[in-house]
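Raw coords.cif, mmCIF, C-alpha atoms:
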data_model
loop_
_atom_site.group_PDB
_atom_site.id
_atom_site.type_symbol
_atom_site.label_atom_id
_atom_site.label_comp_id
_atom_site.auth_asym_id
_atom_site.auth_seq_id
_atom_site.Cartn_x
_atom_site.Cartn_y
_atom_site.Cartn_z
ATOM 1 C CA MET Y 1 9.913 -22.882 10.371
ATOM 2 C CA LYS Y 2 9.993 -22.153 14.095
ATOM 3 C CA GLN Y 3 13.752 -22.749 14.189
ATOM 4 C CA LEU Y 4 14.244 -20.343 11.276
ATOM 5 C CA GLN Y 5 12.103 -17.693 12.973
ATOM 6 C CA GLU Y 6 14.125 -18.053 16.174
ATOM 7 C CA GLU Y 7 17.360 -17.607 14.214
ATOM 8 C CA ILE Y 8 15.991 -14.440 12.583
ATOM 9 C CA LEU Y 9 14.926 -13.036 15.943
ATOM 10 C CA ARG Y 10 18.409 -13.735 17.325
ATOM 11 C CA LEU Y 11 20.178 -12.213 14.326
ATOM 12 C CA LYS Y 12 18.128 -9.015 14.257
ATOM 13 C CA LYS Y 13 18.809 -8.510 17.973
ATOM 14 C CA GLU Y 14 22.543 -9.174 17.600
ATOM 15 C CA LYS Y 15 22.859 -6.881 14.578
ATOM 16 C CA ASP Y 16 20.407 -4.271 15.900
ATOM 17 C CA ILE Y 17 18.205 -4.351 12.783
ATOM 18 C CA CYS Y 18 14.553 -3.325 12.488
ATOM 19 C CA ILE Y 19 12.296 -5.509 10.318
ATOM 20 C CA LEU Y 20 9.263 -3.975 8.596
ATOM 21 C CA ALA Y 21 6.603 -6.229 7.082
ATOM 22 C CA HIS Y 22 3.772 -5.081 4.862
ATOM 23 C CA SER Y 23 0.379 -6.596 5.680
ATOM 24 C CA TYR Y 24 0.397 -8.578 2.421
ATOM 25 C CA GLN Y 25 3.399 -10.635 3.541
ATOM 26 C CA ALA Y 26 3.003 -14.236 4.698
ATOM 27 C CA HIS Y 27 1.953 -14.735 8.308
ATOM 28 C CA GLU Y 28 5.272 -16.316 9.310
ATOM 29 C CA ILE Y 29 7.049 -13.092 8.243
ATOM 30 C CA LEU Y 30 4.635 -10.899 10.184
ATOM 31 C CA GLU Y 31 5.488 -12.926 13.280
ATOM 32 C CA ILE Y 32 9.189 -11.943 13.201
ATOM 33 C CA ALA Y 33 8.669 -8.274 12.218
ATOM 34 C CA ASP Y 34 9.112 -5.295 14.527
ATOM 35 C CA PHE Y 35 6.356 -3.412 12.719
ATOM 36 C CA VAL Y 36 3.483 -4.567 10.489
ATOM 37 C CA GLY Y 37 1.160 -2.355 8.477
ATOM 38 C CA ASP Y 38 0.427 -0.389 5.310
ATOM 39 C CA SER Y 39 3.296 1.081 3.302
ATOM 40 C CA TYR Y 40 3.247 4.666 4.584
ATOM 41 C CA ARG Y 41 2.681 3.670 8.215
ATOM 42 C CA LEU Y 42 5.754 1.445 8.037
ATOM 43 C CA SER Y 43 7.825 4.343 6.686
ATOM 44 C CA ALA Y 44 6.685 6.579 9.538
ATOM 45 C CA LEU Y 45 7.407 3.883 12.138
ATOM 46 C CA ALA Y 46 10.872 3.358 10.654
ATOM 47 C CA GLN Y 47 11.609 7.028 11.349
ATOM 48 C CA GLU Y 48 10.902 6.469 15.028
ATOM 49 C CA ALA Y 49 12.839 3.205 15.296
ATOM 50 C CA ARG Y 50 16.152 3.501 17.159
ATOM 51 C CA GLN Y 51 17.871 1.046 14.803
ATOM 52 C CA GLN Y 52 19.982 2.517 12.010
ATOM 53 C CA THR Y 53 19.433 -0.427 9.669
ATOM 54 C CA VAL Y 54 15.963 -1.287 8.406
ATOM 55 C CA VAL Y 55 14.811 -4.296 6.356
ATOM 56 C CA MET Y 56 11.648 -3.859 4.271
ATOM 57 C CA CYS Y 57 9.669 -7.040 3.638
ATOM 58 C CA GLY Y 58 7.490 -5.580 0.934
ATOM 59 C CA VAL Y 59 8.146 -4.040 -2.477
ATOM 60 C CA ARG Y 60 10.626 -1.513 -3.821
ATOM 61 C CA PHE Y 61 8.577 1.701 -3.666
ATOM 62 C CA MET Y 62 7.945 1.019 0.033
ATOM 63 C CA ALA Y 63 11.666 0.714 0.729
ATOM 64 C CA GLU Y 64 12.231 3.923 -1.244
ATOM 65 C CA THR Y 65 9.672 5.752 0.899
ATOM 66 C CA VAL Y 66 11.471 4.552 4.031
ATOM 67 C CA LYS Y 67 14.726 5.961 2.612
ATOM 68 C CA ILE Y 68 13.067 9.283 1.711
ATOM 69 C CA LEU Y 69 11.835 9.722 5.283
ATOM 70 C CA SER Y 70 14.992 8.304 6.919
ATOM 71 C CA PRO Y 71 17.875 9.188 4.575
ATOM 72 C CA GLU Y 72 20.452 8.676 7.324
ATOM 73 C CA LYS Y 73 19.485 5.021 7.754
ATOM 74 C CA THR Y 74 20.569 1.961 5.818
ATOM 75 C CA VAL Y 75 17.458 0.593 4.108
ATOM 76 C CA LEU Y 76 17.478 -2.949 2.730
ATOM 77 C CA LEU Y 77 14.835 -4.449 0.438
ATOM 78 C CA ALA Y 78 14.451 -8.098 1.468
ATOM 79 C CA HIS Y 79 13.941 -9.360 -2.093
ATOM 80 C CA PRO Y 80 15.559 -7.304 -4.898
ATOM 81 C CA ASP Y 81 12.979 -8.408 -7.489
ATOM 82 C CA ALA Y 82 9.939 -7.392 -5.427
ATOM 83 C CA GLY Y 83 8.495 -4.497 -7.400
ATOM 84 C CA CYS Y 84 5.046 -3.010 -7.915
ATOM 85 C CA PRO Y 85 3.569 -2.936 -11.442
ATOM 86 C CA MET Y 86 1.370 0.033 -10.549
ATOM 87 C CA ALA Y 87 4.275 2.056 -9.153
ATOM 88 C CA GLU Y 88 6.239 1.396 -12.332
ATOM 89 C CA GLN Y 89 3.487 2.232 -14.850
ATOM 90 C CA LEU Y 90 4.609 5.853 -15.247
ATOM 91 C CA ASP Y 91 7.959 7.596 -15.319
ATOM 92 C CA ALA Y 92 8.832 11.185 -14.465
ATOM 93 C CA GLU Y 93 9.043 12.319 -18.093
ATOM 94 C CA THR Y 94 5.516 11.041 -18.802
ATOM 95 C CA VAL Y 95 4.186 12.955 -15.791
ATOM 96 C CA LEU Y 96 5.983 16.106 -16.930
ATOM 97 C CA GLN Y 97 4.282 15.729 -20.314
ATOM 98 C CA LEU Y 98 0.915 15.332 -18.561
ATOM 99 C CA LYS Y 99 1.609 18.465 -16.531
ATOM 100 C CA ARG Y 100 2.209 20.381 -19.750
ATOM 101 C CA GLN Y 101 -1.051 18.947 -21.115
ATOM 102 C CA TYR Y 102 -2.963 19.878 -17.938
ATOM 103 C CA PRO Y 103 -1.095 22.954 -16.668
ATOM 104 C CA ASP Y 104 -3.862 24.066 -14.304
ATOM 105 C CA CYS Y 105 -4.042 20.750 -12.421
ATOM 106 C CA THR Y 106 -2.675 19.785 -9.041
ATOM 107 C CA VAL Y 107 -0.883 16.468 -9.526
ATOM 108 C CA VAL Y 108 -1.977 14.001 -6.848
ATOM 109 C CA ALA Y 109 0.167 10.861 -6.610
ATOM 110 C CA TYR Y 110 -0.830 7.682 -4.840
ATOM 111 C CA ILE Y 111 1.895 6.713 -2.356
ATOM 112 C CA ASN Y 112 2.286 3.562 -4.503
ATOM 113 C CA THR Y 113 4.695 5.357 -6.839
ATOM 114 C CA THR Y 114 8.456 5.379 -7.299
ATOM 115 C CA ALA Y 115 10.713 7.967 -5.663
ATOM 116 C CA GLU Y 116 11.450 9.373 -9.132
ATOM 117 C CA LEU Y 117 7.751 9.903 -9.802
ATOM 118 C CA LYS Y 118 7.220 11.638 -6.459
ATOM 119 C CA THR Y 119 9.789 14.294 -7.430
ATOM 120 C CA VAL Y 120 7.442 15.729 -10.103
ATOM 121 C CA CYS Y 121 4.133 15.540 -8.187
ATOM 122 C CA ASP Y 122 2.460 18.068 -5.912
ATOM 123 C CA VAL Y 123 1.065 15.908 -3.128
ATOM 124 C CA CYS Y 124 0.971 12.243 -2.165
ATOM 125 C CA VAL Y 125 -2.040 10.392 -0.777
ATOM 126 C CA THR Y 126 -2.652 7.006 0.791
ATOM 127 C CA SER Y 127 -5.798 4.995 0.169
ATOM 128 C CA SER Y 128 -7.072 6.053 3.606
ATOM 129 C CA SER Y 129 -6.197 9.768 3.310
ATOM 130 C CA ALA Y 130 -6.911 10.412 -0.390
ATOM 131 C CA VAL Y 131 -10.505 11.647 -0.023
ATOM 132 C CA LYS Y 132 -9.676 13.934 2.898
ATOM 133 C CA ILE Y 133 -6.651 15.465 1.163
ATOM 134 C CA VAL Y 134 -8.268 16.013 -2.242
ATOM 135 C CA LYS Y 135 -11.250 17.708 -0.582
ATOM 136 C CA LYS Y 136 -8.836 20.131 1.119
ATOM 137 C CA LEU Y 137 -6.905 21.055 -2.022
ATOM 138 C CA PRO Y 138 -7.691 24.661 -3.044
ATOM 139 C CA ASN Y 139 -7.472 23.741 -6.726
ATOM 140 C CA ASP Y 140 -10.609 22.240 -8.279
ATOM 141 C CA LYS Y 141 -8.646 20.569 -11.109
ATOM 142 C CA ILE Y 142 -6.965 17.293 -10.160
ATOM 143 C CA LEU Y 143 -4.647 15.070 -12.183
ATOM 144 C CA PHE Y 144 -4.728 11.789 -10.229
ATOM 145 C CA ILE Y 145 -2.002 9.202 -10.849
ATOM 146 C CA PRO Y 146 -1.493 6.327 -11.335
ATOM 147 C CA ASP Y 147 -4.533 4.366 -10.080
ATOM 148 C CA ILE Y 148 -7.685 5.230 -12.020
ATOM 149 C CA ASN Y 149 -9.802 3.040 -9.716
ATOM 150 C CA LEU Y 150 -8.703 4.780 -6.523
ATOM 151 C CA GLY Y 151 -9.028 8.120 -8.315
ATOM 152 C CA THR Y 152 -12.558 7.301 -9.450
ATOM 153 C CA TYR Y 153 -13.480 6.346 -5.885
ATOM 154 C CA VAL Y 154 -12.075 9.629 -4.556
ATOM 155 C CA GLN Y 155 -14.045 11.508 -7.214
ATOM 156 C CA SER Y 156 -17.276 9.758 -6.195
ATOM 157 C CA GLN Y 157 -16.718 10.555 -2.535
ATOM 158 C CA CYS Y 158 -16.061 14.218 -3.311
ATOM 159 C CA GLU Y 159 -19.245 14.397 -5.369
ATOM 160 C CA ALA Y 160 -21.233 12.693 -2.595
ATOM 161 C CA ALA Y 161 -19.982 15.342 -0.172
ATOM 162 C CA GLY Y 162 -20.876 18.189 -2.535
ATOM 163 C CA VAL Y 163 -17.219 19.039 -3.227
ATOM 164 C CA HIS Y 164 -16.805 19.829 -6.922
ATOM 165 C CA LYS Y 165 -13.520 18.761 -8.458
ATOM 166 C CA GLN Y 166 -12.617 18.133 -12.082
ATOM 167 C CA PHE Y 167 -10.586 14.912 -12.277
ATOM 168 C CA TYR Y 168 -8.214 13.800 -14.998
ATOM 169 C CA PHE Y 169 -6.790 10.263 -15.019
ATOM 170 C CA VAL Y 170 -4.270 8.046 -16.723
ATOM 171 C CA ARG Y 171 -5.268 4.427 -17.237
ATOM 172 C CA GLY Y 172 -3.178 2.767 -14.569
ATOM 173 C CA GLY Y 173 -3.755 0.771 -11.419
ATOM 174 C CA CYS Y 174 -3.091 -2.385 -9.475
ATOM 175 C CA PRO Y 175 -3.351 -5.385 -11.835
ATOM 176 C CA THR Y 176 -4.134 -7.718 -8.933
ATOM 177 C CA HIS Y 177 -7.066 -5.711 -7.550
ATOM 178 C CA ALA Y 178 -8.246 -4.849 -11.081
ATOM 179 C CA LYS Y 179 -8.732 -8.553 -11.848
ATOM 180 C CA MET Y 180 -11.855 -8.614 -9.691
ATOM 181 C CA THR Y 181 -15.160 -8.184 -11.523
ATOM 182 C CA ALA Y 182 -18.857 -7.964 -10.719
ATOM 183 C CA ARG Y 183 -19.025 -11.648 -11.601
ATOM 184 C CA ASP Y 184 -16.571 -12.437 -8.774
ATOM 185 C CA VAL Y 185 -18.786 -10.495 -6.376
ATOM 186 C CA GLU Y 186 -21.878 -12.334 -7.596
ATOM 187 C CA LYS Y 187 -20.228 -15.734 -7.069
ATOM 188 C CA ALA Y 188 -18.844 -14.839 -3.624
ATOM 189 C CA LYS Y 189 -22.157 -13.454 -2.385
ATOM 190 C CA ALA Y 190 -24.024 -16.491 -3.688
ATOM 191 C CA ALA Y 191 -21.628 -18.768 -1.805
ATOM 192 C CA HIS Y 192 -21.691 -16.657 1.373
ATOM 193 C CA PRO Y 193 -25.025 -14.783 1.453
ATOM 194 C CA ASP Y 194 -24.691 -13.693 5.090
ATOM 195 C CA ALA Y 195 -21.182 -12.223 4.716
ATOM 196 C CA LEU Y 196 -20.345 -8.520 4.504
ATOM 197 C CA LEU Y 197 -18.217 -7.526 1.504
ATOM 198 C CA LEU Y 198 -15.163 -5.420 2.429
ATOM 199 C CA VAL Y 199 -13.109 -4.122 -0.506
ATOM 200 C CA HIS Y 200 -10.105 -1.957 -1.282
ATOM 201 C CA PRO Y 201 -10.702 1.141 -3.473
ATOM 202 C CA GLU Y 202 -8.076 -0.148 -5.929
ATOM 203 C CA CYS Y 203 -10.812 -2.530 -7.142
ATOM 204 C CA LEU Y 204 -12.945 -1.724 -10.178
ATOM 205 C CA PRO Y 205 -15.933 0.617 -9.591
ATOM 206 C CA GLU Y 206 -18.306 -2.266 -10.412
ATOM 207 C CA VAL Y 207 -16.865 -4.119 -7.395
ATOM 208 C CA VAL Y 208 -16.586 -1.113 -5.082
ATOM 209 C CA SER Y 209 -20.221 -0.136 -5.703
ATOM 210 C CA GLN Y 210 -21.425 -3.454 -4.239
ATOM 211 C CA ALA Y 211 -19.305 -3.331 -1.090
ATOM 212 C CA ASP Y 212 -20.623 -2.988 2.443
ATOM 213 C CA PHE Y 213 -17.368 -1.238 3.364
ATOM 214 C CA VAL Y 214 -14.598 0.356 1.274
ATOM 215 C CA GLY Y 215 -11.226 1.194 2.771
ATOM 216 C CA SER Y 216 -7.491 0.713 2.961
ATOM 217 C CA THR Y 217 -5.987 -2.569 4.080
ATOM 218 C CA ALA Y 218 -5.711 -1.295 7.651
ATOM 219 C CA ASP Y 219 -9.262 0.102 7.534
ATOM 220 C CA ILE Y 220 -10.622 -3.250 6.315
ATOM 221 C CA GLN Y 221 -8.875 -5.082 9.135
ATOM 222 C CA ARG Y 222 -10.093 -2.582 11.711
ATOM 223 C CA PHE Y 223 -13.678 -2.752 10.449
ATOM 224 C CA ALA Y 224 -13.724 -6.566 10.481
ATOM 225 C CA LYS Y 225 -12.331 -6.753 14.009
ATOM 226 C CA GLN Y 226 -14.729 -4.167 15.416
ATOM 227 C CA SER Y 227 -17.858 -5.286 13.534
ATOM 228 C CA ASP Y 228 -20.561 -7.319 15.259
ATOM 229 C CA ALA Y 229 -20.906 -9.318 12.038
ATOM 230 C CA LYS Y 230 -19.483 -12.837 12.063
ATOM 231 C CA GLU Y 231 -18.779 -13.435 8.386
ATOM 232 C CA PHE Y 232 -16.908 -11.412 5.761
ATOM 233 C CA ILE Y 233 -15.790 -11.540 2.133
ATOM 234 C CA ILE Y 234 -12.401 -9.819 1.844
ATOM 235 C CA GLY Y 235 -11.813 -7.932 -1.400
ATOM 236 C CA THR Y 236 -8.112 -7.224 -1.115
ATOM 237 C CA GLU Y 237 -4.923 -9.325 -1.209
ATOM 238 C CA ASN Y 238 -5.814 -12.771 0.091
ATOM 239 C CA SER Y 239 -3.252 -12.699 2.896
ATOM 240 C CA ILE Y 240 -5.526 -10.231 4.727
ATOM 241 C CA ALA Y 241 -8.268 -12.848 5.009
ATOM 242 C CA GLU Y 242 -5.674 -15.252 6.444
ATOM 243 C CA HIS Y 243 -4.348 -12.723 8.979
ATOM 244 C CA LEU Y 244 -7.873 -11.807 10.065
ATOM 245 C CA GLN Y 245 -8.704 -15.474 10.568
ATOM 246 C CA TYR Y 246 -5.727 -15.772 12.923
ATOM 247 C CA ASP Y 247 -6.741 -12.600 14.788
ATOM 248 C CA CYS Y 248 -10.468 -13.387 14.954
ATOM 249 C CA PRO Y 249 -10.883 -17.191 15.069
ATOM 250 C CA GLU Y 250 -14.497 -16.807 16.165
ATOM 251 C CA LYS Y 251 -15.363 -15.086 12.872
ATOM 252 C CA ARG Y 252 -15.285 -16.413 9.319
ATOM 253 C CA PHE Y 253 -13.345 -14.804 6.463
ATOM 254 C CA HIS Y 254 -13.687 -15.659 2.779
ATOM 255 C CA VAL Y 255 -11.597 -14.380 -0.132
ATOM 256 C CA LEU Y 256 -13.375 -12.553 -2.941
ATOM 257 C CA SER Y 257 -11.363 -14.651 -5.395
ATOM 258 C CA LYS Y 258 -8.528 -17.161 -5.186
ATOM 259 C CA ASP Y 259 -6.774 -14.995 -7.810
ATOM 260 C CA LEU Y 260 -6.420 -11.966 -5.533
ATOM 261 C CA ILE Y 261 -2.738 -12.692 -4.895
ATOM 262 C CA CYS Y 262 0.127 -10.236 -5.375
ATOM 263 C CA PRO Y 263 3.052 -12.197 -6.870
ATOM 264 C CA ASN Y 264 5.563 -9.516 -5.877
ATOM 265 C CA MET Y 265 4.539 -9.618 -2.223
ATOM 266 C CA LYS Y 266 4.851 -13.385 -2.265
ATOM 267 C CA LEU Y 267 8.478 -13.286 -3.446
ATOM 268 C CA THR Y 268 9.876 -12.615 0.038
ATOM 269 C CA THR Y 269 10.361 -15.731 2.179
ATOM 270 C CA LEU Y 270 11.665 -16.428 5.670
ATOM 271 C CA PRO Y 271 14.982 -17.734 4.272
ATOM 272 C CA ASP Y 272 15.293 -14.441 2.338
ATOM 273 C CA VAL Y 273 14.913 -12.456 5.564
ATOM 274 C CA ARG Y 274 17.518 -14.642 7.273
ATOM 275 C CA ASN Y 275 19.953 -14.170 4.389
ATOM 276 C CA VAL Y 276 19.443 -10.398 4.404
ATOM 277 C CA LEU Y 277 20.382 -10.355 8.077
ATOM 278 C CA LEU Y 278 23.465 -12.433 7.272
ATOM 279 C CA GLY Y 279 24.419 -9.984 4.502
ATOM 280 C CA THR Y 280 24.169 -12.508 1.662
ATOM 281 C CA PHE Y 281 20.922 -11.361 0.046
ATOM 282 C CA GLY Y 282 18.721 -8.296 -0.390
ATOM 283 C CA GLU Y 283 19.523 -4.896 -1.855
ATOM 284 C CA GLU Y 284 20.423 -1.612 -0.232
ATOM 285 C CA ILE Y 285 18.222 1.239 -1.415
ATOM 286 C CA ARG Y 286 20.322 4.212 -2.522
ATOM 287 C CA LEU Y 287 18.718 7.494 -3.587
ATOM 288 C CA ASP Y 288 20.366 10.709 -4.747
ATOM 289 C CA GLY Y 289 20.070 13.557 -2.252
ATOM 290 C CA GLU Y 290 18.227 15.738 -4.770
ATOM 291 C CA VAL Y 291 15.713 12.955 -5.392
ATOM 292 C CA ILE Y 292 15.119 12.560 -1.662
ATOM 293 C CA THR Y 293 14.563 16.294 -1.193
ATOM 294 C CA ALA Y 294 12.226 16.635 -4.172
ATOM 295 C CA ALA Y 295 10.263 13.463 -3.367
ATOM 296 C CA ARG Y 296 9.947 14.473 0.285
ATOM 297 C CA HIS Y 297 8.039 17.623 -0.722
ATOM 298 C CA CYS Y 298 4.882 15.811 -1.819
ATOM 299 C CA ILE Y 299 4.978 13.583 1.273
ATOM 300 C CA ASP Y 300 5.284 16.642 3.488
ATOM 301 C CA GLU Y 301 2.278 18.111 1.688
ATOM 302 C CA MET Y 302 0.376 14.910 2.401
ATOM 303 C CA LEU Y 303 1.139 15.262 6.108
ATOM 304 C CA ARG Y 304 0.215 18.953 6.114
ATOM 305 C CA LEU Y 305 -3.164 18.326 4.525
ATOM 306 C CA GLY Y 306 -3.965 14.901 5.930
ATOM 307 C CA GLY Y 307 -2.405 14.941 9.348
#
Show me, as structure tokens, the structure contained in the file I just sent.
Amino acid sequence: MKQLQEEILRLKKEKDICILAHSYQAHEILEIADFVGDSYRLSALAQEARQQTVVMCGVRFMAETVKILSPEKTVLLAHPDAGCPMAEQLDAETVLQLKRQYPDCTVVAYINTTAELKTVCDVCVTSSSAVKIVKKLPNDKILFIPDINLGTYVQSQCEAAGVHKQFYFVRGGCPTHAKMTARDVEKAKAAHPDALLLVHPECLPEVVSQADFVGSTADIQRFAKQSDAKEFIIGTENSIAEHLQYDCPEKRFHVLSKDLICPNMKLTTLPDVRNVLLGTFGEEIRLDGEVITAARHCIDEMLRLGG
């Protein structure tokens, strides 16, 4: 593995290519990446990178977001089959029908959506910015897509802050996070009674309600590193527990369930990254100029409202 990593590091330097790795990727991929993080953060960092070619080790909607923000750059998806079931649950025509059904609503789209879907939405949100942005929206009627679990969490946080909003949802979400149940929490807490439970808001409300901390992937990692606690149950993709164990060997990290694994994130391997750099694998992301312009609008709105 070390030899393969060294070859990748040499190739990316020779070819002047920037490698982005989402936090759910395997640790050996994180080690050869220029930037590691959540999907939107990677897109923003790609804008600042001097390289004109970018490889996304993640899933398709993430590579599309990179292309939307950096249309002049060549954006390569490391594994062509790496998609996101949540991002693909709705299409633009379905959202247009929903807008006709709820004409007074502001359409709030989770960043985990396709470029096509972003073209017909009003504002994007990330899991860390969603509450802040929805609170700021002047409209009190919100159509939140596609993740009903994240939307329900945002609704609860608005209500707790005394901000009245009427939410409408479609029944979508992350199938990996949605697998977790109260029973999983019960079993994990019984096995690790002294551990704090940290969960992603894509989990079911029955899981989120029992958490000691709820936040995005980056927020969970930050909380665990800064906390005085020594033991944690991690309620998001299991790779995060692994990465935290590397970063904080003096602490103990347990997974909420062995089933909290994203199969799409696990498609990308080190040999895939090598072959992308050699030009024999991967897929270039191509988006129509009109799609880029229209999709960019709701991202710009996210930045305006969320900073």
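Coordinates place atom CA of Gly37 of chain Y at a distance of 8.3 Å from atom CA of Leu20 of chain Y.
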Top pick for closest residue to Pro85 of chain Y, considering Y:Asn264, Y:Gln221, Y:Ser209, Y:Gln25 and counting only C-alpha atoms: Y:Asn264
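Remark: for Asp219 of chain Y, the closest of the candidate residues Y:Arg171, Y:Ser128, Y:Glu64, Y:Arg41 is Y:Ser128 (distances computed over all atoms listed in the file).
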Coordinates-based distance that separates atom CA of Cys203 of chain Y from atom CA of Lys189 of chain Y (Å, one decimal): 16.5 Å
Expansion of the PyMOL selection byres ((chain Y and resi 252) around 9) into residues, as a VMD selection string: chain Y and resid 195 230 to 233 241 244 to 245 248 to 251 253 to 254
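The interatomic distance for the pair atom CA of Ile29 of chain Y and atom CA of Glu14 of chain Y works out to 18.5 Å.
Between Phe167 of chain Y and the candidates Y:Val208, Y:Cys105, Y:Val199, Y:Ala87, the tightest atom-to-atom separation, counting all atoms listed in the file, involves Y:Cys105.
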Residue with smallest distance to Lys132 of chain Y - pool Y:Tyr40, Y:Ser70, Y:Leu117, Y:Val154, counting all atoms listed in the file: Y:Val154
Contact residues around Ala160 of chain Y with only C-alpha atoms at 12 Å, ignoring same-chain residues under 5 positions, as an mmCIF file with C-alpha atoms, in the coordinates of the input:
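This went into result_26.cif:
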data_model
loop_
_atom_site.group_PDB
_atom_site.id
_atom_site.type_symbol
_atom_site.label_atom_id
_atom_site.label_comp_id
_atom_site.auth_asym_id
_atom_site.auth_seq_id
_atom_site.Cartn_x
_atom_site.Cartn_y
_atom_site.Cartn_z
ATOM 1 C CA VAL Y 131 -10.505 11.647 -0.023
ATOM 2 C CA LYS Y 135 -11.250 17.708 -0.582
ATOM 3 C CA TYR Y 153 -13.480 6.346 -5.885
ATOM 4 C CA VAL Y 154 -12.075 9.629 -4.556
ATOM 5 C CA GLN Y 155 -14.045 11.508 -7.214
ATOM 6 C CA LYS Y 165 -13.520 18.761 -8.458
#
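If all atoms listed in the file are the atoms counted, then among Y:Asp147, Y:Glu283, Y:Asp184, Y:Asp38 the closest residue to Thr74 of chain Y is Y:Glu283.
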Residues matched by the PyMOL selection byres ((chain Y and resi 256) around 12) as a PyMOL selection string: chain Y and resi 177+179-192+195-200+203+207+211+232-241+253-255+257-261
Close residues, Val108 of chain Y itself excluded, 7 Å, all atoms listed in the file, min 3 positions apart in chain, as a list of chain:residue names: Y:Cys121, Y:Asp122, Y:Val123, Y:Cys124, Y:Ile142, Y:Leu143, Y:Phe144, Y:Ile145
Quick one: segment 240-257 of chain Y with N, CA and C atoms, as a PDB file, in the first residue's frame?
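Saved result, result.pdb, follows:
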ATOM      1  N   ILE Y 240     -15.685   7.361  10.129  1.00  0.00           N
ATOM      2  CA  ILE Y 240     -15.387   8.482  11.025  1.00  0.00           C
ATOM      3  C   ILE Y 240     -14.855   7.988  12.365  1.00  0.00           C
ATOM      4  N   ALA Y 241     -15.404   6.893  12.869  1.00  0.00           N
ATOM      5  CA  ALA Y 241     -14.875   6.310  14.103  1.00  0.00           C
ATOM      6  C   ALA Y 241     -13.422   5.872  13.902  1.00  0.00           C
ATOM      7  N   GLU Y 242     -13.131   5.305  12.735  1.00  0.00           N
ATOM      8  CA  GLU Y 242     -11.760   4.870  12.433  1.00  0.00           C
ATOM      9  C   GLU Y 242     -10.811   6.067  12.378  1.00  0.00           C
ATOM     10  N   HIS Y 243     -11.213   7.121  11.641  1.00  0.00           N
ATOM     11  CA  HIS Y 243     -10.347   8.298  11.516  1.00  0.00           C
ATOM     12  C   HIS Y 243     -10.099   8.942  12.876  1.00  0.00           C
ATOM     13  N   LEU Y 244     -11.153   9.026  13.692  1.00  0.00           N
ATOM     14  CA  LEU Y 244     -11.000   9.619  15.019  1.00  0.00           C
ATOM     15  C   LEU Y 244     -10.058   8.794  15.891  1.00  0.00           C
ATOM     16  N   GLN Y 245     -10.103   7.471  15.730  1.00  0.00           N
ATOM     17  CA  GLN Y 245      -9.211   6.626  16.515  1.00  0.00           C
ATOM     18  C   GLN Y 245      -7.757   6.869  16.144  1.00  0.00           C
ATOM     19  N   TYR Y 246      -7.497   7.115  14.854  1.00  0.00           N
ATOM     20  CA  TYR Y 246      -6.147   7.477  14.422  1.00  0.00           C
ATOM     21  C   TYR Y 246      -5.736   8.829  15.017  1.00  0.00           C
ATOM     22  N   ASP Y 247      -6.662   9.800  14.981  1.00  0.00           N
ATOM     23  CA  ASP Y 247      -6.342  11.154  15.426  1.00  0.00           C
ATOM     24  C   ASP Y 247      -6.242  11.268  16.943  1.00  0.00           C
ATOM     25  N   CYS Y 248      -7.012  10.447  17.649  1.00  0.00           N
ATOM     26  CA  CYS Y 248      -7.066  10.541  19.118  1.00  0.00           C
ATOM     27  C   CYS Y 248      -6.851   9.149  19.720  1.00  0.00           C
ATOM     28  N   PRO Y 249      -5.637   8.613  19.654  1.00  0.00           N
ATOM     29  CA  PRO Y 249      -5.405   7.244  20.131  1.00  0.00           C
ATOM     30  C   PRO Y 249      -5.624   7.068  21.632  1.00  0.00           C
ATOM     31  N   GLU Y 250      -5.630   8.181  22.359  1.00  0.00           N
ATOM     32  CA  GLU Y 250      -5.840   8.102  23.803  1.00  0.00           C
ATOM     33  C   GLU Y 250      -7.314   7.992  24.180  1.00  0.00           C
ATOM     34  N   LYS Y 251      -8.199   8.177  23.191  1.00  0.00           N
ATOM     35  CA  LYS Y 251      -9.635   8.060  23.412  1.00  0.00           C
ATOM     36  C   LYS Y 251     -10.152   6.771  22.774  1.00  0.00           C
ATOM     37  N   ARG Y 252     -11.398   6.451  23.057  1.00  0.00           N
ATOM     38  CA  ARG Y 252     -11.976   5.211  22.523  1.00  0.00           C
ATOM     39  C   ARG Y 252     -13.231   5.539  21.735  1.00  0.00           C
ATOM     40  N   PHE Y 253     -13.312   4.997  20.501  1.00  0.00           N
ATOM     41  CA  PHE Y 253     -14.443   5.276  19.622  1.00  0.00           C
ATOM     42  C   PHE Y 253     -15.119   3.977  19.206  1.00  0.00           C
ATOM     43  N   HIS Y 254     -16.442   3.942  19.379  1.00  0.00           N
ATOM     44  CA  HIS Y 254     -17.240   2.781  19.021  1.00  0.00           C
ATOM     45  C   HIS Y 254     -18.231   3.174  17.926  1.00  0.00           C
ATOM     46  N   VAL Y 255     -18.552   2.246  17.040  1.00  0.00           N
ATOM     47  CA  VAL Y 255     -19.556   2.530  16.012  1.00  0.00           C
ATOM     48  C   VAL Y 255     -20.941   2.251  16.594  1.00  0.00           C
ATOM     49  N   LEU Y 256     -21.918   3.042  16.160  1.00  0.00           N
ATOM     50  CA  LEU Y 256     -23.293   2.812  16.606  1.00  0.00           C
ATOM     51  C   LEU Y 256     -23.786   1.453  16.111  1.00  0.00           C
ATOM     52  N   SER Y 257     -23.369   1.097  14.896  1.00  0.00           N
ATOM     53  CA  SER Y 257     -23.744  -0.198  14.323  1.00  0.00           C
ATOM     54  C   SER Y 257     -22.731  -0.577  13.258  1.00  0.00           C
TER      55      SER Y 257
END
